[in-house]
Amino acid sequence: MPDAPDGRNALQLSEEIEQLAQRVGRFLADVRADVDDVEIWICRTSRWGWRIDDHHLEPDVQPAADRVAIRVFRDGRIGSSAGEAFDESAWHAGVESAVGRLEPSPLAPPLTPRARRPGPMTFDADLADLLAQPRELRRVGHALHDNLWHEASRISGVKRYTGHVTYRARRYLVGTRNGVVASLHGALGARVELNGIYGDVFQQTHAPESMLPLALLGARTWRTMPRERISPADLGLVGRSPVVFHPRLLEKLVRALSGPIFLAGETPPTFAEGEVIAAPAVTLVDDSGLDGLTTSRAFDDEGVPTRRTPMMVRGRLTQRVHSRTLEPDPGVTIGNRWRSPATGLGPHERGPGLGFSSLLMERGDVGFHDMVAAVDRTILVHEIEDFDLLDPDSSHFAFTVRWGVSLERGGESRLLAPGQWRIEGHLFGLPGQPAGVFDDVVLSRELHDTGSAIFPYCMAFARIAGPDEAR
């Protein structure tokens, strides 16, 4: 059995972020540049765990990796710089670089950094301690690996098995001359994939009572995986057909395609506030205060307290979010600003952009089995290869299915042949284009925690085609 360094326990992580915050505060007090204010944003990420590749179990450890962004404000102008060094000399050089790149901007100097209270719980000391010194990750990784191959000896057919079990810790800090705020996050995650065609994903922020469900993840997935594989023609589901989107996939679509609907930009809005844009079953909330999600934070990437924003209530657009400017319009909802995934961290980044944090979609009225029993056959899509087409302005999407199964009334589920299904549609039905996913939708009563959202299963209509069919 290979060995790997233990992770850091809760006390070590907590002391580290306190030391980082003090170090950032001393740096800001030492800045002598002729500016109105300086803002520094830091994200430090580390992970430790085990990677599984067939019969091999290997350590998977990432030392702390830092991302740093600096902005300076002077006389209605902003300059920015970015890097990866946690080093005061590099930060001072970053300030000088940002001063040399000042550009006009409507943004005022940042407010005093402070956090929303009470903040969300995204770091559980018990979970961090459990996975640190006792080497629980090693035991769980080995058990996950061993249980799968034990099951494979009883039920043949496993040709390739890959996966990982990982604890990831993130530290966020935002500071200006007026103060520093910091936040600590940790989550246990696991992923398994069997024969490259089907798998499962697990994420846990709070300490579980038992690690047994995670240790059995591979074996459980293999036992429940359909053995028969089918192609699109076998089901007769071609053209516009009912499709069930797994909550993980539904979240990807919402994050990728909802920006122009809910985030105010320079172009005229597609819909006005108060307009009905989806079926009455759909309610969507951006809430950074949700406990147990890795995307929840008590402050955004400008150190401003996050806020809960109901974006769509019973199908009606209730609030669009706007950036903070010198003179925001009265009554305008000011949105949370994020560097990732809303914007990248490159040498010419102007700063955080509007984006979503933790998302919540309200549950539906029917159970999952009753929902799928309403049609003769449909498909449940768990995972995709990648987006073949993604157009946020029209909310148009197309992707190739990676993991999925058939759901057939009176019959057993069958495995979708990977790479042989394409699904295409629109998330919202905009003027002059076909109906969208949210125009005619059924949502399950069951909710699923994806790690960054809480969503139901969604059954809606989309276009199903083979991978080579013309778009």
# chains A, B, ... in the order shown; residues from 1 in each chain; ligands from 1

$ closest_atom_pairs --of "stretch 158-217 of chain A" --to "stretch 224-228 of chain A" --cutoff "10 Å" --atoms "only C-alpha atoms" --output "CSV"
residue,atom,partner,partner_atom,distance
A:Leu194,CA,A:Met225,CA,9.2
A:Ile197,CA,A:Met225,CA,10.0
A:Tyr198,CA,A:Met225,CA,7.5
A:Gly199,CA,A:Met225,CA,8.5

$ residues_around --residues "stretch 449-460 of chain A" --least-positions-apart "5" --cutoff "7 Å" --atoms "only C-alpha atoms" --output "mmCIF file with N, CA and C atoms, in the first residue's frame"
data_model
loop_
_atom_site.group_PDB
_atom_site.id
_atom_site.type_symbol
_atom_site.label_atom_id
_atom_site.label_comp_id
_atom_site.auth_asym_id
_atom_site.auth_seq_id
_atom_site.Cartn_x
_atom_site.Cartn_y
_atom_site.Cartn_z
ATOM 1 N N GLN A 203 -20.125 14.266 -2.798
ATOM 2 C CA GLN A 203 -19.469 15.400 -2.148
ATOM 3 C C GLN A 203 -20.081 15.618 -0.778
ATOM 4 N N PRO A 242 -39.049 13.726 -24.471
ATOM 5 C CA PRO A 242 -38.837 14.025 -23.049
ATOM 6 C C PRO A 242 -37.463 13.549 -22.596
ATOM 7 N N VAL A 243 -36.796 14.388 -21.813
ATOM 8 C CA VAL A 243 -35.468 14.108 -21.277
ATOM 9 C C VAL A 243 -35.483 14.469 -19.797
ATOM 10 N N VAL A 244 -34.858 13.635 -18.961
ATOM 11 C CA VAL A 244 -34.710 13.956 -17.541
ATOM 12 C C VAL A 244 -33.269 14.401 -17.311
ATOM 13 N N PHE A 245 -33.119 15.622 -16.809
ATOM 14 C CA PHE A 245 -31.804 16.166 -16.506
ATOM 15 C C PHE A 245 -31.472 15.904 -15.039
ATOM 16 N N HIS A 246 -30.329 15.245 -14.794
ATOM 17 C CA HIS A 246 -29.855 15.098 -13.426
ATOM 18 C C HIS A 246 -29.590 16.486 -12.844
ATOM 19 N N PRO A 247 -29.789 16.691 -11.531
ATOM 20 C CA PRO A 247 -29.537 18.017 -10.945
ATOM 21 C C PRO A 247 -28.154 18.578 -11.256
ATOM 22 N N ARG A 248 -27.123 17.725 -11.324
ATOM 23 C CA ARG A 248 -25.783 18.234 -11.659
ATOM 24 C C ARG A 248 -25.768 18.865 -13.048
ATOM 25 N N LEU A 293 -22.572 24.040 1.231
ATOM 26 C CA LEU A 293 -22.215 24.120 -0.175
ATOM 27 C C LEU A 293 -20.887 24.858 -0.322
ATOM 28 N N THR A 294 -20.028 24.350 -1.174
ATOM 29 C CA THR A 294 -18.685 24.936 -1.287
ATOM 30 C C THR A 294 -18.703 26.313 -1.919
ATOM 31 N N THR A 295 -19.786 26.691 -2.571
ATOM 32 C CA THR A 295 -19.885 28.005 -3.209
ATOM 33 C C THR A 295 -20.482 29.058 -2.287
ATOM 34 N N SER A 358 -24.171 30.062 -4.497
ATOM 35 C CA SER A 358 -24.918 28.823 -4.285
ATOM 36 C C SER A 358 -26.340 28.993 -4.809
ATOM 37 N N LEU A 359 -26.816 28.007 -5.555
ATOM 38 C CA LEU A 359 -28.127 28.105 -6.184
ATOM 39 C C LEU A 359 -29.109 27.134 -5.532
ATOM 40 N N LEU A 360 -30.355 27.572 -5.466
ATOM 41 C CA LEU A 360 -31.439 26.760 -4.917
ATOM 42 C C LEU A 360 -32.613 26.821 -5.881
ATOM 43 N N MET A 361 -33.102 25.661 -6.300
ATOM 44 C CA MET A 361 -34.335 25.591 -7.081
ATOM 45 C C MET A 361 -35.350 24.825 -6.260
ATOM 46 N N ARG A 363 -38.353 22.504 -4.948
ATOM 47 C CA ARG A 363 -38.799 21.171 -5.336
ATOM 48 C C ARG A 363 -40.119 21.236 -6.083
ATOM 49 N N VAL A 437 -36.511 24.682 -22.218
ATOM 50 C CA VAL A 437 -36.638 23.640 -21.210
ATOM 51 C C VAL A 437 -37.579 24.071 -20.092
ATOM 52 N N ASP A 440 -41.969 24.154 -20.379
ATOM 53 C CA ASP A 440 -42.844 23.000 -20.150
ATOM 54 C C ASP A 440 -42.034 21.983 -19.372
ATOM 55 N N VAL A 441 -42.103 22.034 -18.061
ATOM 56 C CA VAL A 441 -41.166 21.291 -17.224
ATOM 57 C C VAL A 441 -41.886 20.651 -16.042
ATOM 58 N N VAL A 442 -41.389 19.479 -15.643
ATOM 59 C CA VAL A 442 -41.851 18.834 -14.416
ATOM 60 C C VAL A 442 -40.630 18.663 -13.516
ATOM 61 N N LEU A 443 -40.745 19.086 -12.274
ATOM 62 C CA LEU A 443 -39.647 18.983 -11.319
ATOM 63 C C LEU A 443 -40.000 17.962 -10.241
ATOM 64 N N SER A 444 -39.008 17.206 -9.819
ATOM 65 C CA SER A 444 -39.244 16.161 -8.830
ATOM 66 C C SER A 444 -39.389 16.735 -7.422
#

$ atom_distance --atom1 "atom CA of A:Arg74" --atom2 "atom CA of A:Arg171"
28.5 Å

$ residues_around --residues "stretch 114-129 of chain A" --least-positions-apart "5" --cutoff "9 Å" --atoms "only C-alpha atoms" --output "number ranges by chain"
A: 7-11, 13, 134, 167, 169, 179-188, 205-208, 288-300, 303-307

$ atom_distance --atom1 "atom CA of A:Gly259" --atom2 "atom CA of A:Pro310"
14.4 Å

$ select_by_dssp --residues "stretch 225-383 of chain A" --states "helix (DSSP H, G or I)" --output "list in words"
Pro232, Ala233, Asp234, Leu235, Pro247, Arg248, Leu249, Leu250, Glu251, Lys252, Leu253, Val254, Arg255, Ala256, Leu257, Gly259, Pro260, Ile261, Phe262, Phe368, His369, Asp370, Met371, Val372 and Ala373 of chain A

$ residues_around --residues "A:Gly466" --least-positions-apart "6" --cutoff "10 Å" --atoms "only C-alpha atoms" --output "VMD selection string"
chain A and resid 231 to 233 238 to 239 400 419 to 423

$ select_by_dssp --residues "stretch 31-135 of chain A" --states "strand (DSSP E or B)" --output "number ranges by chain"
A: 37-53, 56-74, 77-83, 103-104

$ residues_around --residues "A:Phe262" --least-positions-apart "3" --cutoff "7 Å" --atoms "only C-alpha atoms" --output "compact mmCIF listing (two decimals) with C-alpha atoms, in the first residue's frame"
# COMPACT_ATOMS: atom_id res chain seq x y z
CA SER A 258 -28.77 32.27 -17.26
CA GLY A 259 -26.35 35.19 -17.15
CA MET A 311 -34.18 35.67 -9.27
CA ARG A 320 -32.00 41.23 -11.99
CA VAL A 321 -28.68 41.97 -10.30
